[in-house]
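Student: I am attaching a structure below and will ask some questions about it afterwards.
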Amino acid sequence: MLVIHLRNVGFKEVGVDLAERVFLVGPNASGKSNFLDALRFLRDIALPGGSLQKASSDRSSVSKIRCLAAHKNSEVAIVVELARSGKRLWRYEIAFIQDHKHKPLVTREIVHKGDRVVIKRPDKKDARDPLRLSQTALEQISENRHFREIARFFDGISYLHLVPQIIRAPGSLSENGGALDAYGHDFLGRVAKTPEKTRNNRLKRIRDALITAIPQLQELKLETDARGVFHLIEFFEQWRPQAGKQNEEQFSDGMLRLLGLLWALQEGDGPLLLEEPELSLHAGVVRRLARLIYRAQKARKRQVLISTHSIDLLSDPGIGGEEILMLNPGLEGTKVIPAAEIAEIHALLEAGMSVAEAVFPHTEPEKASELEQLIL
Amino acid sequence: MNPIPVSLAVEGPLDEQVLRQLLRQSGKPFASGVCYGMRGKDNLRANVARFDYAAAHVTFIILTDLDHEDCPPGLITHWLPQGRNNNLLLRVAVREVESWLLADRKHIAEFLGIPMAKIPQQPDDCDDPKTLLVSLARRSNTRDIREDLVPCLVAPAKLARTMLDS
């Protein structure tokens with residue numbers, strides 16, 4: 001279980017416990033993606049070849065990461081606690097500012113194991129060599145020896161926001177590796193790199209799941225073309241023989257996104273961040289997503305964070321108020337409120353209302369009803 | 001006096017706008033907040049006991065149309081047979097919220113751009129006020145009203161706001 005505190009990462013000040021499954025809801029531009037991005041940021045530092053400098057330059061610069069509402073305080077801080085059954089195992093705190101060259105500079109990096117301090121920076125070595133503050137201990141194998149568990153945990157975070165167009169034509173974008181991965185840039189490559197047996201098992205499970213959404217689907221496999229490029233091939237039942245064979249370039253958007261989602265749910269066991277998984281999917285499928293995600297995460301004991309705008313997705317009666325985080329933007333930056341903490345919502349849920357009906361009215365922007373009056 | 005926060009529950013967007021305006025014009029310190037429902041009468045009915053339960057924490061005002069049921073008190077007992085929390089008000093428009101709009105004969109006539117004589121004296125007696133409102137608007141001498149008819153049917157909130165703001 002994760003406890004996360006953020007300051008100036010799109011939020012002035014936020015501190016919340018995250019359930020095993022979390023749904024982030026809120027109006028457009030309320031900071032749902034920023035919230036997920038704080039965790040991706042840690043991953044981008046901790047992954048092999050990652051660094052604070054790169055994580056920051058991938059997001060243009062520190063000032064872009066900072067909260068718009070934070071005028072004076074330019075320090076960005078992220079604190080993450082890893083806990084199991086209410087007991088804190090680890091605590092990682094990173095804070096940084098940007099120097100005059102717009103490069104991030106660590107102002108604080110503190111690691112606790114339980115209550116014991118494992119590392120506390122800036123330390124004497126940093127005082128002797130201030131350049132050290134351009135790097136985190138987290139990103140360095142020689143420095144993170146005593147808290148490698150955290151580094152591995154962050155490295156295990158995966159983020160998914162598949163863009164079907166990118167999966168179909170990965171070559172059309174520059175080789176920016178990591179950052180594009182989440183959008184499906186190397187999706188087929190990842191499928192191809194998976195050991196054959198695991199891959200076939202996963203594809204079979206995906207096919208079994210997809211059949212419920214796409215009844216005419218018969219088979220799903222990975223094939224190589226004459227140039228050695230991998231393709232996902234699906235076989236359809238159709239009245240014309242041979243006509244029912246398609247590769248990913250011909251897949252529909254919904255099919256590709258669902259496929260990517262089903263793959264991601266089976267890949268890895270670290271926290272999985274899903275950005276609007278409902279996109280391009282039929283409402284009937286969306287209504288079943290919450291349960292599908294739940295089953296997959298339960299089998300792998302992994303935490304899943306989902307940003308969504310979908311009433312259908314949240315209409316699943318199995319979703320509890322404690323799983324919902326509401327992002328309410330205001331003049332003082334966005335506030336993140338666990339839905340169950342609002343007495344009114346808590347009571348409505350207790351009385352049996354679905355999360356969608358009880359929570360969505362609270363996240364609707366005040367002026368949304370004026371939208372239909374706009375003359376464009 | 002501190003404003004009293006009120007949560008609303010209604011059948012659809014027109015009802016929401018009417019209810020918010022009523023609260024605003026009531027002269028009472030109500031601060032209308034979240035609006036639940038918006039999925040028709042059956043959905044309100046299905047959730048009314050839940051609103052009643054949550055009324056322990058915030059005042060609720062629920063507005064629904066009587067339509068062709070017998071009488072408002074009957075509807076209320078039917079919906080809340082166990083009685084209701086004192087913080088919950090269930091209000092019933094006879095026959096529909098549209099009747100309330102028609103009741104303000106002078107302003108609705110002005111708004112629609114039709115003679116006041118065309119508006120019935122007793123809108124409560126009108127069997128289908130929604131249809132009546134549309135057929136009146138169709139006879140409007142204002143082009144905007146006529147051409148907005150169809151969009152208003154789809155999104156009645158627009159009708160409500162334009163009317164109540166004017």
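Identifiers in this document derive from the order of the structure tokens: chains are assigned A, B, ..., residues are numbered from 1 separately in each chain, and ligands are numbered from 1 in order of occurrence.
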Just the residues within 10 Å of region 1-17 of chain B, please, counting only C-alpha atoms, with nothing from its chain fewer than 2 positions along; format it as a short mmCIF file (atom, residue, chain, number, x, y, z; two decimals) with all heavy atoms, in the first residue's frame.
Tutor:
```cif
data_model
loop_
_atom_site.label_atom_id
_atom_site.label_comp_id
_atom_site.auth_asym_id
_atom_site.auth_seq_id
_atom_site.Cartn_x
_atom_site.Cartn_y
_atom_site.Cartn_z
N GLU A 344 -21.78 13.17 3.38
CA GLU A 344 -22.93 13.02 2.49
C GLU A 344 -22.73 11.84 1.51
O GLU A 344 -23.60 10.99 1.35
CB GLU A 344 -23.07 14.33 1.72
CG GLU A 344 -24.21 14.43 0.77
CD GLU A 344 -24.22 15.82 0.09
OE1 GLU A 344 -23.59 16.76 0.63
OE2 GLU A 344 -24.84 15.93 -0.97
N SER A 369 -22.78 23.28 -17.23
CA SER A 369 -24.08 23.32 -17.90
C SER A 369 -24.16 24.47 -18.91
O SER A 369 -25.05 24.52 -19.74
CB SER A 369 -25.20 23.44 -16.88
OG SER A 369 -25.09 24.65 -16.19
N LEU B 19 -35.06 24.83 -9.96
CA LEU B 19 -34.89 24.70 -8.52
C LEU B 19 -33.82 25.67 -7.99
O LEU B 19 -33.99 26.32 -6.97
CB LEU B 19 -34.52 23.25 -8.19
CG LEU B 19 -34.55 22.84 -6.71
CD1 LEU B 19 -35.86 23.24 -6.05
CD2 LEU B 19 -34.33 21.34 -6.58
N ARG B 20 -32.74 25.79 -8.73
CA ARG B 20 -31.68 26.70 -8.30
C ARG B 20 -32.18 28.15 -8.28
O ARG B 20 -31.90 28.91 -7.36
CB ARG B 20 -30.45 26.59 -9.21
CG ARG B 20 -29.62 25.32 -8.96
CD ARG B 20 -28.25 25.40 -9.65
NE ARG B 20 -27.61 24.10 -9.73
CZ ARG B 20 -26.92 23.53 -8.74
NH1 ARG B 20 -26.80 24.17 -7.59
NH2 ARG B 20 -26.37 22.34 -8.88
N GLN B 21 -32.95 28.51 -9.32
CA GLN B 21 -33.51 29.86 -9.37
C GLN B 21 -34.48 30.09 -8.22
O GLN B 21 -34.46 31.15 -7.58
CB GLN B 21 -34.23 30.10 -10.70
CG GLN B 21 -33.33 30.53 -11.84
CD GLN B 21 -32.79 31.93 -11.65
OE1 GLN B 21 -33.24 32.68 -10.79
NE2 GLN B 21 -31.78 32.29 -12.44
N LEU B 22 -35.31 29.09 -7.95
CA LEU B 22 -36.28 29.23 -6.86
C LEU B 22 -35.57 29.48 -5.54
O LEU B 22 -35.96 30.34 -4.75
CB LEU B 22 -37.12 27.95 -6.75
CG LEU B 22 -38.22 27.79 -7.79
CD1 LEU B 22 -38.87 26.41 -7.65
CD2 LEU B 22 -39.28 28.87 -7.62
N LEU B 23 -34.49 28.73 -5.32
CA LEU B 23 -33.75 28.89 -4.06
C LEU B 23 -33.12 30.28 -4.01
O LEU B 23 -33.13 30.95 -2.98
CB LEU B 23 -32.67 27.81 -3.94
CG LEU B 23 -33.21 26.41 -3.65
CD1 LEU B 23 -32.10 25.37 -3.75
CD2 LEU B 23 -33.84 26.35 -2.26
N LYS B 28 -34.35 33.24 1.19
CA LYS B 28 -33.79 32.48 2.31
C LYS B 28 -32.32 32.21 2.04
O LYS B 28 -31.90 32.15 0.89
CB LYS B 28 -34.55 31.15 2.47
CG LYS B 28 -36.04 31.32 2.70
CD LYS B 28 -36.31 31.38 4.19
CE LYS B 28 -37.70 31.83 4.56
NZ LYS B 28 -38.77 31.49 3.67
N PRO B 29 -31.53 32.07 3.10
CA PRO B 29 -30.08 31.92 2.89
C PRO B 29 -29.67 30.52 2.44
O PRO B 29 -28.83 29.89 3.07
CB PRO B 29 -29.50 32.26 4.26
CG PRO B 29 -30.55 31.86 5.23
CD PRO B 29 -31.87 32.07 4.54
N PHE B 30 -30.26 30.03 1.39
CA PHE B 30 -29.88 28.71 0.90
C PHE B 30 -28.71 28.81 -0.07
O PHE B 30 -28.68 29.69 -0.93
CB PHE B 30 -31.05 28.05 0.15
CG PHE B 30 -32.18 27.65 1.04
CD1 PHE B 30 -33.47 28.06 0.76
CD2 PHE B 30 -31.95 26.86 2.15
CE1 PHE B 30 -34.52 27.69 1.57
CE2 PHE B 30 -32.99 26.48 2.98
CZ PHE B 30 -34.28 26.91 2.69
N ALA B 31 -27.77 27.92 0.09
CA ALA B 31 -26.68 27.83 -0.87
C ALA B 31 -26.85 26.50 -1.59
O ALA B 31 -26.55 25.44 -1.04
CB ALA B 31 -25.34 27.88 -0.16
N SER B 32 -27.37 26.55 -2.82
CA SER B 32 -27.62 25.28 -3.50
C SER B 32 -26.31 24.69 -3.99
O SER B 32 -25.51 25.36 -4.61
CB SER B 32 -28.62 25.46 -4.64
OG SER B 32 -28.11 26.31 -5.62
N GLY B 33 -26.10 23.44 -3.64
CA GLY B 33 -24.81 22.80 -3.95
C GLY B 33 -24.93 21.74 -5.02
O GLY B 33 -25.44 22.00 -6.11
N VAL B 34 -24.50 20.56 -4.66
CA VAL B 34 -24.46 19.45 -5.62
C VAL B 34 -25.85 19.07 -6.08
O VAL B 34 -26.80 19.12 -5.31
CB VAL B 34 -23.80 18.24 -4.94
CG1 VAL B 34 -23.81 17.03 -5.84
CG2 VAL B 34 -22.39 18.60 -4.53
N CYS B 35 -25.97 18.70 -7.35
CA CYS B 35 -27.26 18.24 -7.86
C CYS B 35 -27.15 16.78 -8.33
O CYS B 35 -26.41 16.47 -9.26
CB CYS B 35 -27.71 19.14 -9.01
SG CYS B 35 -29.36 18.75 -9.55
N TYR B 36 -27.88 15.91 -7.66
CA TYR B 36 -27.87 14.49 -8.02
C TYR B 36 -28.99 14.18 -9.00
O TYR B 36 -29.88 15.00 -9.24
CB TYR B 36 -28.09 13.63 -6.76
CG TYR B 36 -27.02 13.75 -5.73
CD1 TYR B 36 -27.13 14.66 -4.69
CD2 TYR B 36 -25.89 12.93 -5.77
CE1 TYR B 36 -26.16 14.76 -3.71
CE2 TYR B 36 -24.91 13.02 -4.80
CZ TYR B 36 -25.05 13.94 -3.77
OH TYR B 36 -24.09 14.03 -2.81
N GLY B 37 -28.98 12.95 -9.47
CA GLY B 37 -30.07 12.48 -10.32
C GLY B 37 -29.82 12.77 -11.77
O GLY B 37 -28.85 12.28 -12.33
N MET B 38 -30.67 13.58 -12.38
CA MET B 38 -30.57 13.94 -13.80
C MET B 38 -30.77 12.74 -14.71
O MET B 38 -30.35 12.76 -15.86
CB MET B 38 -29.21 14.59 -14.13
CG MET B 38 -28.72 15.60 -13.13
SD MET B 38 -29.63 17.12 -13.25
CE MET B 38 -28.71 17.92 -14.54
N ARG B 39 -31.36 11.69 -14.20
CA ARG B 39 -31.58 10.52 -15.04
C ARG B 39 -33.06 10.13 -15.03
O ARG B 39 -33.39 8.95 -15.04
CB ARG B 39 -30.75 9.34 -14.54
CG ARG B 39 -29.26 9.51 -14.71
CD ARG B 39 -28.59 8.39 -13.96
NE ARG B 39 -27.17 8.29 -14.27
CZ ARG B 39 -26.47 7.20 -14.08
NH1 ARG B 39 -27.04 6.11 -13.61
NH2 ARG B 39 -25.17 7.17 -14.35
N GLY B 40 -33.91 11.11 -14.91
CA GLY B 40 -35.34 10.83 -15.00
C GLY B 40 -35.98 10.48 -13.66
O GLY B 40 -35.34 10.40 -12.62
N LYS B 41 -37.29 10.29 -13.74
CA LYS B 41 -38.10 10.12 -12.54
C LYS B 41 -37.86 8.77 -11.87
O LYS B 41 -37.78 8.69 -10.65
CB LYS B 41 -39.57 10.26 -12.93
CG LYS B 41 -40.52 10.34 -11.77
CD LYS B 41 -41.93 10.63 -12.29
CE LYS B 41 -42.91 10.69 -11.13
NZ LYS B 41 -44.26 11.03 -11.60
N ASP B 42 -37.76 7.71 -12.68
CA ASP B 42 -37.59 6.38 -12.11
C ASP B 42 -36.32 6.30 -11.28
O ASP B 42 -36.28 5.67 -10.22
CB ASP B 42 -37.54 5.31 -13.22
CG ASP B 42 -38.90 5.15 -13.87
OD1 ASP B 42 -39.90 5.62 -13.27
OD2 ASP B 42 -38.96 4.58 -14.98
N ASN B 43 -35.28 6.96 -11.79
CA ASN B 43 -34.01 6.96 -11.07
C ASN B 43 -34.13 7.71 -9.74
O ASN B 43 -33.59 7.27 -8.72
CB ASN B 43 -32.93 7.59 -11.97
CG ASN B 43 -31.60 7.76 -11.26
OD1 ASN B 43 -31.34 8.81 -10.69
ND2 ASN B 43 -30.78 6.73 -11.27
N LEU B 44 -34.86 8.81 -9.74
CA LEU B 44 -35.07 9.57 -8.49
C LEU B 44 -35.80 8.69 -7.48
O LEU B 44 -35.44 8.63 -6.31
CB LEU B 44 -35.95 10.79 -8.76
CG LEU B 44 -35.30 12.12 -9.11
CD1 LEU B 44 -36.36 13.21 -9.04
CD2 LEU B 44 -34.17 12.44 -8.15
N ARG B 45 -36.83 8.05 -7.98
CA ARG B 45 -37.65 7.18 -7.15
C ARG B 45 -36.77 6.09 -6.52
O ARG B 45 -36.85 5.80 -5.32
CB ARG B 45 -38.75 6.56 -8.04
CG ARG B 45 -39.49 5.41 -7.48
CD ARG B 45 -40.60 5.92 -6.56
NE ARG B 45 -40.79 5.01 -5.44
CZ ARG B 45 -41.61 3.97 -5.48
NH1 ARG B 45 -42.34 3.74 -6.53
NH2 ARG B 45 -41.73 3.19 -4.42
N ASN B 47 -33.72 6.18 -5.86
CA ASN B 47 -32.71 6.68 -4.93
C ASN B 47 -33.27 7.47 -3.76
O ASN B 47 -32.52 7.88 -2.88
CB ASN B 47 -31.70 7.56 -5.68
CG ASN B 47 -30.68 6.74 -6.45
OD1 ASN B 47 -30.25 5.69 -5.96
ND2 ASN B 47 -30.30 7.19 -7.62
N VAL B 48 -34.58 7.69 -3.74
CA VAL B 48 -35.12 8.64 -2.76
C VAL B 48 -34.83 8.21 -1.31
O VAL B 48 -34.49 9.03 -0.45
CB VAL B 48 -36.63 8.89 -3.01
CG1 VAL B 48 -37.48 7.72 -2.61
CG2 VAL B 48 -37.07 10.17 -2.31
N PHE B 51 -31.32 9.24 -0.47
CA PHE B 51 -31.20 10.67 -0.15
C PHE B 51 -31.73 10.92 1.26
O PHE B 51 -31.16 11.69 2.02
CB PHE B 51 -32.00 11.52 -1.16
CG PHE B 51 -31.46 11.45 -2.57
CD1 PHE B 51 -32.31 11.20 -3.64
CD2 PHE B 51 -30.11 11.65 -2.82
CE1 PHE B 51 -31.81 11.13 -4.94
CE2 PHE B 51 -29.61 11.58 -4.12
CZ PHE B 51 -30.46 11.32 -5.17
N ALA B 55 -29.73 12.54 4.33
CA ALA B 55 -30.23 13.82 4.82
C ALA B 55 -29.85 14.02 6.29
O ALA B 55 -30.01 15.11 6.83
CB ALA B 55 -31.74 13.91 4.64
N VAL B 58 -26.87 16.46 5.37
CA VAL B 58 -27.06 17.70 4.62
C VAL B 58 -28.53 17.80 4.21
O VAL B 58 -29.21 16.78 4.06
CB VAL B 58 -26.13 17.73 3.37
CG1 VAL B 58 -26.50 16.65 2.38
CG2 VAL B 58 -26.16 19.10 2.68
N THR B 59 -29.02 19.01 4.09
CA THR B 59 -30.41 19.20 3.67
C THR B 59 -30.58 18.83 2.19
O THR B 59 -29.76 19.22 1.36
CB THR B 59 -30.81 20.67 3.87
OG1 THR B 59 -30.58 20.99 5.25
CG2 THR B 59 -32.27 20.88 3.53
N PHE B 60 -31.61 18.07 1.92
CA PHE B 60 -31.89 17.68 0.53
C PHE B 60 -33.20 18.28 0.07
O PHE B 60 -34.19 18.27 0.80
CB PHE B 60 -32.02 16.15 0.43
CG PHE B 60 -30.75 15.46 0.09
CD1 PHE B 60 -29.90 14.99 1.09
CD2 PHE B 60 -30.38 15.28 -1.23
CE1 PHE B 60 -28.71 14.36 0.77
CE2 PHE B 60 -29.19 14.65 -1.56
CZ PHE B 60 -28.35 14.19 -0.55
N ILE B 61 -33.22 18.80 -1.15
CA ILE B 61 -34.49 19.15 -1.78
C ILE B 61 -34.61 18.34 -3.06
O ILE B 61 -33.73 18.38 -3.91
CB ILE B 61 -34.59 20.65 -2.10
CG1 ILE B 61 -34.44 21.47 -0.81
CG2 ILE B 61 -35.94 20.96 -2.76
CD1 ILE B 61 -34.60 22.96 -1.00
N ILE B 62 -35.68 17.58 -3.13
CA ILE B 62 -35.91 16.75 -4.32
C ILE B 62 -37.13 17.31 -5.05
O ILE B 62 -38.15 17.59 -4.43
CB ILE B 62 -36.16 15.29 -3.92
CG1 ILE B 62 -34.97 14.78 -3.10
CG2 ILE B 62 -36.38 14.42 -5.15
CD1 ILE B 62 -35.18 13.42 -2.51
N LEU B 63 -36.96 17.47 -6.34
CA LEU B 63 -38.06 18.00 -7.14
C LEU B 63 -38.41 16.99 -8.23
O LEU B 63 -37.54 16.52 -8.96
CB LEU B 63 -37.65 19.33 -7.79
CG LEU B 63 -38.67 19.97 -8.74
CD1 LEU B 63 -39.98 20.28 -8.03
CD2 LEU B 63 -38.08 21.24 -9.36
N THR B 64 -39.68 16.64 -8.28
CA THR B 64 -40.09 15.70 -9.33
C THR B 64 -41.43 16.14 -9.91
O THR B 64 -42.14 16.96 -9.32
CB THR B 64 -40.19 14.26 -8.77
OG1 THR B 64 -40.44 13.37 -9.85
CG2 THR B 64 -41.31 14.12 -7.75
N ASP B 65 -41.76 15.61 -11.08
CA ASP B 65 -43.05 15.91 -11.72
C ASP B 65 -44.11 14.92 -11.22
O ASP B 65 -43.81 13.74 -11.03
CB ASP B 65 -42.94 15.75 -13.25
CG ASP B 65 -42.08 16.84 -13.87
OD1 ASP B 65 -41.82 17.86 -13.19
OD2 ASP B 65 -41.65 16.66 -15.03
N ASN B 87 -34.80 16.82 7.35
CA ASN B 87 -33.90 17.55 6.46
C ASN B 87 -34.14 17.25 4.99
O ASN B 87 -33.35 17.67 4.15
CB ASN B 87 -32.44 17.21 6.78
CG ASN B 87 -31.90 18.09 7.87
OD1 ASN B 87 -32.40 19.20 8.07
ND2 ASN B 87 -30.90 17.59 8.57
N LEU B 88 -35.14 16.48 4.71
CA LEU B 88 -35.41 16.15 3.31
C LEU B 88 -36.76 16.71 2.89
O LEU B 88 -37.77 16.49 3.54
CB LEU B 88 -35.40 14.63 3.11
CG LEU B 88 -35.71 14.20 1.67
CD1 LEU B 88 -34.54 13.45 1.07
CD2 LEU B 88 -36.96 13.34 1.61
N LEU B 89 -36.74 17.49 1.83
CA LEU B 89 -37.98 18.02 1.27
C LEU B 89 -38.20 17.37 -0.09
O LEU B 89 -37.33 17.43 -0.95
CB LEU B 89 -37.89 19.53 1.09
CG LEU B 89 -37.66 20.38 2.34
CD1 LEU B 89 -37.52 21.84 1.95
CD2 LEU B 89 -38.80 20.20 3.32
N LEU B 90 -39.35 16.75 -0.25
CA LEU B 90 -39.71 16.20 -1.55
C LEU B 90 -40.82 17.07 -2.12
O LEU B 90 -41.90 17.16 -1.55
CB LEU B 90 -40.18 14.74 -1.38
CG LEU B 90 -40.70 14.02 -2.63
CD1 LEU B 90 -39.71 14.07 -3.76
CD2 LEU B 90 -41.03 12.56 -2.29
N ARG B 91 -40.53 17.75 -3.20
CA ARG B 91 -41.51 18.67 -3.79
C ARG B 91 -41.98 18.15 -5.14
O ARG B 91 -41.17 17.65 -5.93
CB ARG B 91 -40.87 20.06 -3.95
CG ARG B 91 -40.65 20.77 -2.62
CD ARG B 91 -41.99 21.12 -1.96
NE ARG B 91 -41.85 21.72 -0.66
CZ ARG B 91 -42.02 21.08 0.51
NH1 ARG B 91 -42.34 19.80 0.51
NH2 ARG B 91 -41.90 21.72 1.66
N ALA B 93 -44.12 18.86 -8.68
CA ALA B 93 -44.73 19.86 -9.58
C ALA B 93 -45.96 19.25 -10.24
O ALA B 93 -45.91 18.14 -10.78
CB ALA B 93 -43.73 20.29 -10.65
N GLU B 96 -46.16 19.11 -14.33
CA GLU B 96 -44.73 19.09 -14.62
C GLU B 96 -44.14 20.44 -14.26
O GLU B 96 -44.87 21.42 -14.13
CB GLU B 96 -44.50 18.81 -16.12
CG GLU B 96 -44.91 17.42 -16.55
CD GLU B 96 -44.99 17.28 -18.06
OE1 GLU B 96 -44.88 18.30 -18.77
OE2 GLU B 96 -45.18 16.15 -18.54
N VAL B 97 -42.82 20.48 -14.14
CA VAL B 97 -42.14 21.75 -13.85
C VAL B 97 -42.49 22.80 -14.91
O VAL B 97 -42.57 23.99 -14.62
CB VAL B 97 -40.62 21.51 -13.77
CG1 VAL B 97 -39.86 22.81 -13.89
CG2 VAL B 97 -40.29 20.85 -12.44
N GLU B 98 -42.75 22.33 -16.13
CA GLU B 98 -43.13 23.24 -17.21
C GLU B 98 -44.40 24.03 -16.86
O GLU B 98 -44.56 25.16 -17.29
CB GLU B 98 -43.33 22.48 -18.53
CG GLU B 98 -42.04 22.04 -19.22
CD GLU B 98 -41.43 20.78 -18.63
OE1 GLU B 98 -41.94 20.28 -17.60
OE2 GLU B 98 -40.44 20.29 -19.18
N CYS B 152 -33.58 22.77 -27.61
CA CYS B 152 -34.11 22.89 -26.26
C CYS B 152 -34.78 21.60 -25.82
O CYS B 152 -34.75 21.24 -24.65
CB CYS B 152 -35.11 24.03 -26.15
SG CYS B 152 -34.30 25.61 -26.02
N ALA B 155 -31.88 19.62 -24.89
CA ALA B 155 -31.21 20.16 -23.71
C ALA B 155 -32.07 21.24 -23.08
O ALA B 155 -31.85 22.42 -23.29
CB ALA B 155 -29.85 20.73 -24.11
N PRO B 156 -33.07 20.84 -22.32
CA PRO B 156 -34.02 21.79 -21.77
C PRO B 156 -33.38 22.82 -20.82
O PRO B 156 -33.98 23.85 -20.56
CB PRO B 156 -35.02 20.93 -21.01
CG PRO B 156 -34.64 19.52 -21.22
CD PRO B 156 -33.36 19.45 -21.93
N ALA B 157 -32.18 22.54 -20.34
CA ALA B 157 -31.54 23.47 -19.41
C ALA B 157 -31.37 24.83 -20.05
O ALA B 157 -31.51 25.87 -19.42
CB ALA B 157 -30.20 22.93 -18.97
N LYS B 158 -31.09 24.81 -21.34
CA LYS B 158 -30.86 26.05 -22.06
C LYS B 158 -32.11 26.92 -22.02
O LYS B 158 -32.07 28.11 -21.74
CB LYS B 158 -30.48 25.71 -23.49
CG LYS B 158 -30.15 26.92 -24.32
CD LYS B 158 -29.67 26.49 -25.68
CE LYS B 158 -29.48 27.72 -26.53
NZ LYS B 158 -28.99 27.40 -27.84
N LEU B 159 -33.23 26.26 -22.26
CA LEU B 159 -34.51 26.95 -22.23
C LEU B 159 -34.69 27.61 -20.87
O LEU B 159 -35.01 28.79 -20.75
CB LEU B 159 -35.63 25.94 -22.49
CG LEU B 159 -37.06 26.44 -22.32
CD1 LEU B 159 -37.38 27.46 -23.38
CD2 LEU B 159 -38.04 25.29 -22.40
N ALA B 160 -34.44 26.80 -19.84
CA ALA B 160 -34.65 27.28 -18.48
C ALA B 160 -33.80 28.50 -18.19
O ALA B 160 -34.29 29.51 -17.70
CB ALA B 160 -34.32 26.17 -17.50
N ARG B 161 -32.53 28.39 -18.53
CA ARG B 161 -31.62 29.47 -18.17
C ARG B 161 -31.94 30.75 -18.92
O ARG B 161 -32.02 31.82 -18.35
CB ARG B 161 -30.18 29.06 -18.41
CG ARG B 161 -29.36 29.11 -17.15
CD ARG B 161 -27.92 28.77 -17.45
NE ARG B 161 -27.80 28.07 -18.71
CZ ARG B 161 -27.74 26.76 -18.82
NH1 ARG B 161 -27.79 26.01 -17.75
NH2 ARG B 161 -27.61 26.20 -20.00
N LEU B 164 -35.17 32.18 -17.44
CA LEU B 164 -35.14 32.68 -16.07
C LEU B 164 -34.19 33.86 -15.92
O LEU B 164 -34.36 34.69 -15.05
CB LEU B 164 -34.74 31.55 -15.11
CG LEU B 164 -35.79 30.45 -15.03
CD1 LEU B 164 -35.22 29.21 -14.38
CD2 LEU B 164 -37.02 30.91 -14.27
#
```
Student: For Ala290 (chain A), please output as an NGL selection string all residues within 9 Å (counting only C-alpha atoms; exclusion window: fewer than 5 positions along the same chain).
Tutor: :A and (295 or 313-314 or 316 or 318-319)
Student: As an mmCIF file with C-alpha atoms, in the first residue's frame, please: every residue in region 7-55 of chain A that a backbone DSSP assignment puts in strand (DSSP E or B).
Tutor:
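Written file, selection.cif:
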```cif
data_model
loop_
_atom_site.group_PDB
_atom_site.id
_atom_site.type_symbol
_atom_site.label_atom_id
_atom_site.label_comp_id
_atom_site.auth_asym_id
_atom_site.auth_seq_id
_atom_site.Cartn_x
_atom_site.Cartn_y
_atom_site.Cartn_z
ATOM 1 C CA ARG A 7 3.921 19.455 -2.744
ATOM 2 C CA VAL A 14 -1.583 16.849 -0.944
ATOM 3 C CA GLY A 15 -1.322 13.830 1.300
ATOM 4 C CA VAL A 16 -3.390 10.698 0.822
ATOM 5 C CA ASP A 17 -3.388 6.987 1.500
ATOM 6 C CA LEU A 18 -3.903 4.981 -1.642
ATOM 7 C CA ARG A 21 -7.290 0.055 -6.327
ATOM 8 C CA VAL A 22 -7.709 3.797 -6.727
ATOM 9 C CA PHE A 23 -9.941 5.732 -9.089
ATOM 10 C CA LEU A 24 -9.025 9.362 -9.662
ATOM 11 C CA VAL A 25 -11.987 11.474 -10.686
#
```
Student: Tell me, as a ChimeraX atom specification, which residues lie within 10 Å of Pro48 (chain A), counting only C-alpha atoms; anything in the same chain fewer than 2 positions away does not count.
Tutor: /A:43-46,50-51,139-141,151-152,155
Student: What does the file look like for those residues with C-alpha atoms, as a tab-separated table (two decimals), in the first residue's frame?
Tutor:
```tsv
chain	number	residue	atom	x	y	z
A	43	ARG	CA	10.05	5.69	-11.70
A	44	ASP	CA	11.94	7.74	-14.27
A	45	ILE	CA	14.60	8.45	-11.64
A	46	ALA	CA	14.83	4.87	-10.41
A	50	GLY	CA	17.17	6.99	-15.29
A	51	SER	CA	18.08	10.12	-13.38
A	139	GLU	CA	19.38	6.73	-9.16
A	140	GLN	CA	22.86	5.54	-8.16
A	141	ILE	CA	23.53	1.87	-7.54
A	151	ALA	CA	14.44	1.73	-6.07
A	152	ARG	CA	13.11	-1.60	-7.35
A	155	ASP	CA	11.30	0.93	-11.19
```
Student: Please produce, as a Markdown table, a per-residue contact table for chain A versus chain B (criterion: any atom at most 7 Å away, only C-alpha atoms considered), showing the nearest atom pair and its distance in Å to one decimal, sorted by chain then residue number.
Tutor:
```
| residue | atom | partner | partner_atom | distance |
| --- | --- | --- | --- | --- |
| A:Ala343 | CA | B:His57 | CA | 6.4 |
| A:Glu344 | CA | B:Ala54 | CA | 5.6 |
| A:Ala347 | CA | B:Ala54 | CA | 4.9 |
| A:Leu348 | CA | B:Ala54 | CA | 5.6 |
| A:Ala351 | CA | B:Arg50 | CA | 5.2 |
| A:Met353 | CA | B:Arg50 | CA | 6.9 |
| A:Pro361 | CA | B:Tyr36 | CA | 5.9 |
| A:His362 | CA | B:Val34 | CA | 6.0 |
| A:Gln373 | CA | B:Lys158 | CA | 6.6 |
```
Student: Please report, as a ChimeraX atom specification, each residue of region 4-153 of chain B to which DSSP assigns helix (DSSP H, G or I) when run on this structure's backbone.
Tutor: /B:13-25,40-54,72-79,97-103,105-112,116-118,123-125,129-138,143-147,149-153
Student: What is the CA of Ser134 (chain A) to CA of Phe11 (chain A) distance in Å?
Tutor: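 Between CA of Ser134 (chain A) and CA of Phe11 (chain A) the gap works out to 23.6 Å.
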Student: Between A:Glu267, A:Glu322, A:Glu275, A:Asp99, which has the minimum distance to Arg300 (chain A) (counting only C-alpha atoms)?
Tutor: A:Glu267
